[in-house]
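**Q** To be precise about what I am sending: the file is called my_file.txt and holds compact mmCIF, C-alpha atoms.
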# COMPACT_ATOMS: atom_id res chain seq x y z
CA ASN L 217 86.02 93.68 142.26
CA ALA L 218 82.83 91.66 142.39
CA GLY L 219 82.18 92.39 138.69
CA VAL L 220 78.52 92.12 137.68
CA THR L 221 76.23 90.68 140.35
CA GLN L 222 72.63 89.57 139.97
CA THR L 223 70.03 88.64 142.54
CA PRO L 224 68.23 86.37 142.96
CA LYS L 225 69.80 83.35 141.20
CA PHE L 226 66.46 81.53 141.00
CA GLN L 227 62.87 82.73 141.29
CA VAL L 228 59.44 81.18 140.86
CA LEU L 229 56.46 83.48 140.35
CA LYS L 230 52.77 83.02 139.78
CA THR L 231 51.11 84.62 136.80
CA GLY L 232 50.29 88.24 137.55
CA GLN L 233 52.86 88.72 140.30
CA SER L 234 55.43 91.46 140.07
CA MET L 235 59.12 91.40 140.93
CA THR L 236 62.40 93.14 140.36
CA LEU L 237 65.58 91.48 139.18
CA GLN L 238 68.57 93.26 140.63
CA CYS L 239 71.80 93.98 138.78
CA ALA L 240 74.85 95.84 140.08
CA GLN L 241 78.38 96.40 138.81
CA ASP L 242 81.41 97.86 140.56
CA MET L 243 83.57 98.54 137.49
CA ASN L 244 82.25 102.05 136.82
CA HIS L 245 80.88 100.92 133.46
CA GLU L 246 78.61 103.35 131.67
CA TYR L 247 76.77 100.81 129.54
CA MET L 248 74.46 98.25 131.10
CA SER L 249 72.10 95.81 129.40
CA TRP L 250 69.51 93.15 130.12
CA TYR L 251 69.16 90.01 127.98
CA ARG L 252 66.94 86.99 128.15
CA GLN L 253 68.02 83.54 127.02
CA ASP L 254 65.51 81.04 125.71
CA PRO L 255 66.27 77.59 124.27
CA GLY L 256 67.20 77.71 120.59
CA MET L 257 67.08 81.52 120.43
CA GLY L 258 70.34 82.71 121.91
CA LEU L 259 70.30 85.88 124.00
CA ARG L 260 67.95 88.71 123.11
CA LEU L 261 68.29 92.31 124.28
CA ILE L 262 65.45 93.56 126.49
CA HIS L 263 66.58 97.05 127.57
CA TYR L 264 69.87 98.85 127.76
CA SER L 265 71.35 102.02 129.24
CA VAL L 266 74.25 104.19 128.12
CA GLY L 267 74.46 106.05 131.43
CA ALA L 268 72.60 107.09 134.56
CA GLY L 269 69.17 108.46 133.66
CA ILE L 270 69.27 107.14 130.09
CA THR L 271 67.54 103.94 129.00
CA ASP L 272 66.23 102.54 125.74
CA GLN L 273 64.39 99.53 124.44
CA GLY L 274 66.00 96.53 122.89
CA GLU L 275 64.54 93.77 120.75
CA VAL L 276 62.02 92.34 123.27
CA PRO L 277 61.01 95.12 125.74
CA ASN L 278 57.31 94.33 126.22
CA GLY L 279 56.39 93.41 129.79
CA TYR L 280 59.57 94.84 131.29
CA ASN L 281 60.52 98.20 132.78
CA VAL L 282 63.93 99.57 133.68
CA SER L 283 65.40 102.65 135.27
CA ARG L 284 68.98 103.76 135.90
CA SER L 285 69.31 106.17 138.80
CA THR L 286 72.98 105.36 139.50
CA THR L 287 75.92 104.17 137.43
CA GLU L 288 76.14 100.98 139.51
CA ASP L 289 72.57 99.66 139.44
CA PHE L 290 70.22 98.66 136.65
CA PRO L 291 67.12 96.81 137.95
CA LEU L 292 64.67 95.03 135.67
CA ARG L 293 61.00 95.08 136.69
CA LEU L 294 58.29 92.66 135.70
CA LEU L 295 55.00 94.38 136.47
CA SER L 296 52.67 91.43 135.82
CA ALA L 297 54.52 88.20 135.17
CA ALA L 298 53.38 85.90 132.38
CA PRO L 299 54.43 82.31 131.56
CA SER L 300 56.07 83.65 128.38
CA GLN L 301 58.57 85.43 130.62
CA THR L 302 59.95 82.14 131.90
CA SER L 303 63.60 82.43 130.91
CA VAL L 304 67.15 82.96 132.09
CA TYR L 305 67.98 86.65 132.48
CA PHE L 306 71.45 88.09 132.12
CA CYS L 307 72.67 91.53 133.03
CA ALA L 308 75.82 92.86 131.35
CA SER L 309 77.98 95.96 131.54
CA SER L 310 80.69 97.53 129.42
CA LEU L 311 82.80 100.61 128.88
CA PRO L 312 81.95 102.93 126.00
CA GLN L 313 85.49 102.88 124.68
CA GLY L 314 88.41 100.59 124.69
CA ALA L 315 88.47 96.82 125.31
CA TYR L 316 86.52 96.41 122.08
CA ASN L 317 83.26 97.22 123.84
CA GLU L 318 83.51 93.86 125.62
CA GLN L 319 80.43 93.13 127.72
CA PHE L 320 80.90 91.55 131.14
CA PHE L 321 78.02 89.31 132.14
CA GLY L 322 76.49 88.50 135.50
CA PRO L 323 75.78 84.88 136.52
CA GLY L 324 72.14 85.02 135.41
CA THR L 325 68.74 84.61 137.07
CA ARG L 326 66.53 81.65 136.21
CA LEU L 327 62.92 82.79 136.38
CA THR L 328 59.93 80.45 136.20
CA VAL L 329 56.40 81.85 135.88
CA LEU L 330 53.64 79.38 136.67
CA ALA B 105 68.09 95.53 112.32
CA GLN B 106 70.97 93.23 112.96
CA THR B 107 70.88 89.47 112.57
CA VAL B 108 73.38 86.80 113.50
CA THR B 109 73.06 83.24 112.23
CA GLN B 110 74.80 80.13 113.47
CA SER B 111 73.85 77.31 111.16
CA GLN B 112 75.36 74.46 113.20
CA PRO B 113 73.16 73.59 116.21
CA GLU B 114 75.62 70.91 117.36
CA MET B 115 79.20 69.97 116.62
CA SER B 116 81.54 67.35 118.00
CA VAL B 117 85.29 66.88 117.86
CA GLN B 118 87.89 64.52 119.23
CA GLU B 119 90.28 65.78 121.85
CA ALA B 120 93.42 67.41 120.34
CA GLU B 121 91.75 67.92 116.95
CA THR B 122 90.64 71.16 115.31
CA VAL B 123 87.05 72.33 114.86
CA THR B 124 85.52 75.36 113.15
CA LEU B 125 82.23 76.97 114.18
CA SER B 126 80.41 79.07 111.58
CA CYS B 127 78.73 82.44 111.98
CA THR B 128 77.24 84.89 109.51
CA TYR B 129 75.80 88.28 110.34
CA ASP B 130 74.06 91.24 108.82
CA THR B 131 74.26 94.80 110.09
CA SER B 132 73.65 98.33 108.91
CA GLU B 133 76.30 99.70 111.27
CA SER B 134 79.53 100.98 109.78
CA ASN B 135 81.53 100.51 112.98
CA TYR B 136 80.86 97.40 115.00
CA TYR B 137 82.48 94.58 116.92
CA LEU B 138 82.20 90.83 116.68
CA PHE B 139 82.51 88.39 119.55
CA TRP B 140 82.51 84.72 120.38
CA TYR B 141 81.23 83.84 123.84
CA LYS B 142 81.42 80.47 125.55
CA GLN B 143 78.71 79.26 127.92
CA PRO B 144 79.58 76.12 129.91
CA PRO B 145 76.97 74.25 131.95
CA SER B 146 77.56 76.74 134.78
CA ARG B 147 75.68 79.21 132.55
CA GLN B 148 78.35 81.92 132.93
CA MET B 149 79.03 83.85 129.71
CA ILE B 150 82.78 83.90 129.01
CA LEU B 151 84.37 85.98 126.27
CA VAL B 152 86.50 83.80 123.99
CA ILE B 153 87.67 86.22 121.33
CA ARG B 154 86.75 89.59 119.82
CA GLN B 155 87.30 91.41 116.55
CA GLU B 156 86.94 95.04 115.53
CA ALA B 157 85.20 95.15 112.17
CA TYR B 158 87.51 97.82 110.76
CA LYS B 159 90.57 95.66 111.41
CA GLN B 160 91.44 93.28 108.59
CA GLN B 161 93.81 91.17 110.64
CA ASN B 162 92.14 88.11 112.13
CA ALA B 163 92.13 87.97 115.92
CA THR B 164 93.85 85.13 117.77
CA GLU B 165 93.84 84.13 121.43
CA ASN B 166 96.02 81.11 122.17
CA ARG B 167 94.18 78.09 120.68
CA PHE B 168 91.30 80.23 119.39
CA SER B 169 91.35 82.15 116.13
CA VAL B 170 88.80 83.67 113.80
CA ASN B 171 88.39 83.90 110.07
CA PHE B 172 86.79 87.30 109.49
CA GLN B 173 85.47 87.88 105.98
CA LYS B 174 83.91 91.35 106.08
CA ALA B 175 82.55 91.39 102.54
CA ALA B 176 80.89 88.03 103.07
CA LYS B 177 79.81 89.02 106.61
CA SER B 178 81.27 85.82 107.95
CA PHE B 179 83.01 85.34 111.33
CA SER B 180 83.99 81.74 112.02
CA LEU B 181 85.81 80.45 115.12
CA LYS B 182 88.58 77.89 114.90
CA ILE B 183 89.54 75.95 118.00
CA SER B 184 92.85 74.14 117.72
CA ASP B 185 94.05 71.30 119.96
CA SER B 186 90.55 70.89 121.39
CA GLN B 187 90.34 70.13 125.10
CA LEU B 188 87.61 68.51 127.18
CA GLY B 189 87.09 71.86 128.90
CA ASP B 190 86.07 73.39 125.58
CA THR B 191 82.78 71.50 125.78
CA ALA B 192 80.13 74.23 125.97
CA MET B 193 77.60 76.27 124.05
CA TYR B 194 79.26 78.90 121.83
CA PHE B 195 77.55 82.12 120.81
CA CYS B 196 78.54 84.50 118.05
CA ALA B 197 77.53 88.14 118.62
CA SER B 198 77.68 91.44 116.80
CA GLY B 199 77.13 95.02 117.97
CA ARG B 200 78.46 97.94 119.97
CA ARG B 201 77.54 100.46 122.68
CA GLY B 202 75.91 97.98 125.01
CA LYS B 203 73.75 96.43 122.31
CA LEU B 204 74.66 92.96 121.12
CA THR B 205 72.78 90.68 118.77
CA PHE B 206 73.45 87.00 119.38
CA GLY B 207 73.21 83.93 117.22
CA GLN B 208 71.26 80.86 118.27
CA GLY B 209 74.33 79.09 119.59
CA THR B 210 76.31 75.96 118.72
CA ILE B 211 76.71 73.14 121.24
CA LEU B 212 80.26 71.84 121.01
CA THR B 213 81.14 68.48 122.53
CA VAL B 214 84.77 67.41 122.82
CA HIS B 215 85.19 63.63 123.05
CA PRO B 216 88.17 61.98 124.77
Using structure tokens, write down the structure from this file.
**A**
Amino acid sequence: NAGVTQTPKFQVLKTGQSMTLQCAQDMNHEYMSWYRQDPGMGLRLIHYSVGAGITDQGEVPNGYNVSRSTTEDFPLRLLSAAPSQTSVYFCASSLPQGAYNEQFFGPGTRLTVL
Amino acid sequence: AQTVTQSQPEMSVQEAETVTLSCTYDTSESNYYLFWYKQPPSRQMILVIRQEAYKQQNATENRFSVNFQKAAKSFSLKISDSQLGDTAMYFCASGRRGKLTFGQGTILTVHP
């Protein structure tokens, strides 16, 4: 089991560029989520999904798109990057029942927008 | 909306001593979970301990235990016999169904 994997680990973008942060899990988890971590603010939920084909917005969704075509993958798209999106991004997955809804986190992607 | 507040930005403790990290939360959910996560410099998020809100008994995991006061919406973490490897950022979180709300974090430094 690789757990939750994220690519890339680091990325530098110029303002206005687009990119996709990849997230995959091999634990057959139904729930998947994207968070961003900024200094002094903890982690904040961007988007989440309770299953393939179902997504919803979290606390800070503006500027980000997601889709969930398979159980395993949950990519996060930045359509037009802005300096305010400089952050560390974490993907997480969990089962709907049991294990106290524990979320398993990927290693994170550090994104810098110039 | 849910909120989680950690009022201690930084804490320090001597090796082998005990330290308590504070967390308060607010939620409109009737069924929810509470978590403490550890984030070392590697940036990996590691689950330390978890608590189901409907369970009155406080959770324990080896040297880690919680004091869960549901009426006061308080969920503090006690680390006993602190070790150098406990040095990290600690986050309190509340939620369920793939949606967690995190506190701002507490940086814990364990001194030899």
**Q** Check the smallest atom-to-atom distance from each of L:Arg284, L:Lys230, L:Arg326, L:Arg293 to Met248 of chain L using all atoms listed in the file, then report the winner.
**A**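 Ranked by minimum distance to Met248 of chain L, first place goes to L:Arg284.
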**Q** Can you tell me, as an NGL selection string, which residues sit within 8 Å of (60.5, 94.2, 129.5) in the file's frame, using all atoms listed in the file?
**A** :L and (262-263 or 276-282 or 292-294)
**Q** Take the residues just selected and output them with C-alpha atoms as a CSV table (one decimal), in the coordinates of the input.
**A**
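The result, stored in part34.csv:
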chain,number,residue,atom,x,y,z
L,262,ILE,CA,65.4,93.6,126.5
L,263,HIS,CA,66.6,97.0,127.6
L,276,VAL,CA,62.0,92.3,123.3
L,277,PRO,CA,61.0,95.1,125.7
L,278,ASN,CA,57.3,94.3,126.2
L,279,GLY,CA,56.4,93.4,129.8
L,280,TYR,CA,59.6,94.8,131.3
L,281,ASN,CA,60.5,98.2,132.8
L,282,VAL,CA,63.9,99.6,133.7
L,292,LEU,CA,64.7,95.0,135.7
L,293,ARG,CA,61.0,95.1,136.7
L,294,LEU,CA,58.3,92.7,135.7
**Q** Give, as AutoDock Vina command-line options, the centre coordinates and the x, y and z edge lengths in Å to one decimal for an axis-aligned box around all listed atoms of segment 134-145 of chain B, padded by 5 Å on each side.
**A**
--center_x 79.7 --center_y 87.6 --center_z 120.9 --size_x 15.5 --size_y 36.7 --size_z 32.2
**Q** Could you tell me which of L:Leu330, L:Gly322, L:Leu295, L:Arg260 comes closest to Phe195 of chain B if we count all atoms listed in the file?
**A**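 Of L:Leu330, L:Gly322, L:Leu295, L:Arg260, the one nearest Phe195 of chain B, counting all atoms listed in the file, is L:Arg260.
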**Q** Counting only C-alpha atoms, which of B:Gln143, B:Ala175, B:Asn162, B:Arg154 gets nearest to Tyr194 of chain B?
**A** B:Gln143
**Q** Output the contact residues of chain B with respect to chain L at a cut-off of 12 Å, based on all atoms listed in the file, as a PyMOL selection string.
**A** chain B and resi 105-114+135-159+163+193-211
**Q** I want to know what sits within 8 Å of Gln241 of chain L, based on all atoms listed in the file, with residues of the same chain fewer than 6 positions away left out; could you give that as a PyMOL selection string?
**A** chain L and resi 218-221+288-289+309
**Q** Take the residues that were just selected and, keeping C-alpha atoms, output them as an mmCIF file, keeping the file's coordinate frame.
**A**
data_model
loop_
_atom_site.group_PDB
_atom_site.id
_atom_site.type_symbol
_atom_site.label_atom_id
_atom_site.label_comp_id
_atom_site.auth_asym_id
_atom_site.auth_seq_id
_atom_site.Cartn_x
_atom_site.Cartn_y
_atom_site.Cartn_z
ATOM 1 C CA ALA L 218 82.830 91.660 142.390
ATOM 2 C CA GLY L 219 82.180 92.390 138.690
ATOM 3 C CA VAL L 220 78.520 92.120 137.680
ATOM 4 C CA THR L 221 76.230 90.680 140.350
ATOM 5 C CA GLU L 288 76.140 100.980 139.510
ATOM 6 C CA ASP L 289 72.570 99.660 139.440
ATOM 7 C CA SER L 309 77.980 95.960 131.540
#
**Q** Give me the residues near Thr124 of chain B as a ChimeraX atom specification, where near means some atom within 8 Å (using all atoms listed in the file) and where sequence neighbours in that chain fewer than 5 positions away do not count.
**A** /B:180-183
**Q** Just write the chosen residues, C-alpha atoms, as a tab-separated table (two decimals), keeping the file's coordinate frame.
**A**
chain	number	residue	atom	x	y	z
B	180	SER	CA	83.99	81.74	112.02
B	181	LEU	CA	85.81	80.45	115.12
B	182	LYS	CA	88.58	77.89	114.90
B	183	ILE	CA	89.54	75.95	118.00
**Q** Between atom CA of Tyr305 of chain L and atom CA of Ser283 of chain L, what is the distance in Å, rounded to a tenth?
**A**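 Between atom CA of Tyr305 of chain L and atom CA of Ser283 of chain L the gap works out to 16.4 Å.
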**Q** Suppose you want the space between atom CA of Thr164 of chain B and atom CA of Thr213 of chain B; what is it in Å?
**A**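 Computing it gives 21.5 Å between the two atoms.
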**Q** Provide the atom CA of Thr128 of chain B to atom CA of Asp185 of chain B distance in Å, to one decimal place.
**A**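 Value for the atom CA of Thr128 of chain B-atom CA of Asp185 of chain B distance: 24.0 Å.
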**Q** Mind checking which residues fall within 7 Å of Val117 of chain B, counting all atoms listed in the file, ignoring those fewer than 4 positions away in the same chain, and posting them as an MDAnalysis selection string?
**A** chainID B and resid 121 123 213:215
**Q** I'd like to know which of L:Thr286, L:Pro291, L:Thr271, L:Pro299 is closest to Leu237 of chain L, using all atoms listed in the file.
**A** L:Pro291
**Q** Looking at all atoms listed in the file, which of B:Ser132, B:Ser169, B:Gln161, B:Ser116 is the one that sits closest to Ser184 of chain B?
**A**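 The answer is B:Ser169, which sits nearest to Ser184 of chain B.
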**Q** Hey, could you patch up segment 297-308 of chain L with all heavy atoms and hand it over as a JSON list (two decimals), in the frame of the given file?
**A**
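What landed in out-v2.json:
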[["chain", "number", "residue", "atom", "x", "y", "z"],
["L", 297, "ALA", "N", 53.81, 89.31, 135.81],
["L", 297, "ALA", "CA", 54.52, 88.20, 135.17],
["L", 297, "ALA", "C", 53.58, 87.30, 134.37],
["L", 297, "ALA", "O", 52.43, 87.04, 134.77],
["L", 297, "ALA", "CB", 55.25, 87.38, 136.23],
["L", 298, "ALA", "N", 54.10, 86.82, 133.24],
["L", 298, "ALA", "CA", 53.38, 85.90, 132.38],
["L", 298, "ALA", "C", 54.24, 84.68, 132.11],
["L", 298, "ALA", "O", 55.49, 84.78, 132.14],
["L", 298, "ALA", "CB", 53.04, 86.58, 131.06],
["L", 299, "PRO", "N", 53.63, 83.51, 131.84],
["L", 299, "PRO", "CA", 54.43, 82.31, 131.56],
["L", 299, "PRO", "C", 55.44, 82.50, 130.44],
["L", 299, "PRO", "O", 56.50, 81.88, 130.44],
["L", 299, "PRO", "CB", 53.37, 81.27, 131.20],
["L", 299, "PRO", "CG", 52.15, 81.70, 131.97],
["L", 299, "PRO", "CD", 52.19, 83.21, 131.92],
["L", 300, "SER", "N", 55.14, 83.39, 129.49],
["L", 300, "SER", "CA", 56.07, 83.65, 128.38],
["L", 300, "SER", "C", 57.36, 84.33, 128.84],
["L", 300, "SER", "O", 58.33, 84.41, 128.08],
["L", 300, "SER", "CB", 55.40, 84.53, 127.32],
["L", 300, "SER", "OG", 55.03, 85.77, 127.89],
["L", 301, "GLN", "N", 57.36, 84.81, 130.08],
["L", 301, "GLN", "CA", 58.57, 85.43, 130.62],
["L", 301, "GLN", "C", 59.45, 84.44, 131.37],
["L", 301, "GLN", "O", 60.49, 84.83, 131.92],
["L", 301, "GLN", "CB", 58.19, 86.61, 131.53],
["L", 301, "GLN", "CG", 57.54, 87.74, 130.75],
["L", 301, "GLN", "CD", 57.12, 88.91, 131.62],
["L", 301, "GLN", "OE1", 56.37, 88.72, 132.61],
["L", 301, "GLN", "NE2", 57.56, 90.10, 131.29],
["L", 302, "THR", "N", 59.07, 83.18, 131.37],
["L", 302, "THR", "CA", 59.95, 82.14, 131.90],
["L", 302, "THR", "C", 61.20, 82.09, 131.04],
["L", 302, "THR", "O", 61.12, 81.88, 129.82],
["L", 302, "THR", "CB", 59.23, 80.78, 131.88],
["L", 302, "THR", "OG1", 58.16, 80.81, 132.82],
["L", 302, "THR", "CG2", 60.21, 79.66, 132.24],
["L", 303, "SER", "N", 62.36, 82.30, 131.67],
["L", 303, "SER", "CA", 63.60, 82.43, 130.91],
["L", 303, "SER", "C", 64.77, 82.55, 131.87],
["L", 303, "SER", "O", 64.59, 82.58, 133.09],
["L", 303, "SER", "CB", 63.53, 83.69, 130.02],
["L", 303, "SER", "OG", 64.62, 83.75, 129.12],
["L", 304, "VAL", "N", 65.96, 82.61, 131.31],
["L", 304, "VAL", "CA", 67.15, 82.96, 132.09],
["L", 304, "VAL", "C", 67.52, 84.39, 131.70],
["L", 304, "VAL", "O", 67.64, 84.71, 130.51],
["L", 304, "VAL", "CB", 68.32, 82.02, 131.81],
["L", 304, "VAL", "CG1", 69.56, 82.46, 132.59],
["L", 304, "VAL", "CG2", 67.96, 80.58, 132.16],
["L", 305, "TYR", "N", 67.71, 85.23, 132.71],
["L", 305, "TYR", "CA", 67.98, 86.65, 132.48],
["L", 305, "TYR", "C", 69.42, 86.98, 132.83],
["L", 305, "TYR", "O", 69.90, 86.63, 133.91],
["L", 305, "TYR", "CB", 67.02, 87.50, 133.31],
["L", 305, "TYR", "CG", 65.60, 87.40, 132.85],
["L", 305, "TYR", "CD1", 64.78, 86.36, 133.27],
["L", 305, "TYR", "CD2", 65.08, 88.32, 131.94],
["L", 305, "TYR", "CE1", 63.47, 86.25, 132.82],
["L", 305, "TYR", "CE2", 63.78, 88.23, 131.49],
["L", 305, "TYR", "CZ", 62.98, 87.18, 131.93],
["L", 305, "TYR", "OH", 61.69, 87.08, 131.46],
["L", 306, "PHE", "N", 70.07, 87.67, 131.92],
["L", 306, "PHE", "CA", 71.45, 88.09, 132.12],
["L", 306, "PHE", "C", 71.54, 89.61, 132.09],
["L", 306, "PHE", "O", 70.98, 90.26, 131.21],
["L", 306, "PHE", "CB", 72.37, 87.53, 131.04],
["L", 306, "PHE", "CG", 72.63, 86.07, 131.15],
["L", 306, "PHE", "CD1", 71.89, 85.16, 130.43],
["L", 306, "PHE", "CD2", 73.64, 85.59, 132.00],
["L", 306, "PHE", "CE1", 72.14, 83.81, 130.53],
["L", 306, "PHE", "CE2", 73.88, 84.23, 132.11],
["L", 306, "PHE", "CZ", 73.13, 83.33, 131.37],
["L", 307, "CYS", "N", 72.31, 90.12, 133.04],
["L", 307, "CYS", "CA", 72.67, 91.53, 133.03],
["L", 307, "CYS", "C", 74.12, 91.62, 132.57],
["L", 307, "CYS", "O", 74.94, 90.73, 132.85],
["L", 307, "CYS", "CB", 72.51, 92.10, 134.43],
["L", 307, "CYS", "SG", 72.96, 93.84, 134.60],
["L", 308, "ALA", "N", 74.46, 92.67, 131.84],
["L", 308, "ALA", "CA", 75.82, 92.86, 131.35],
["L", 308, "ALA", "C", 76.20, 94.33, 131.43],
["L", 308, "ALA", "O", 75.33, 95.21, 131.42],
["L", 308, "ALA", "CB", 75.95, 92.36, 129.91]]
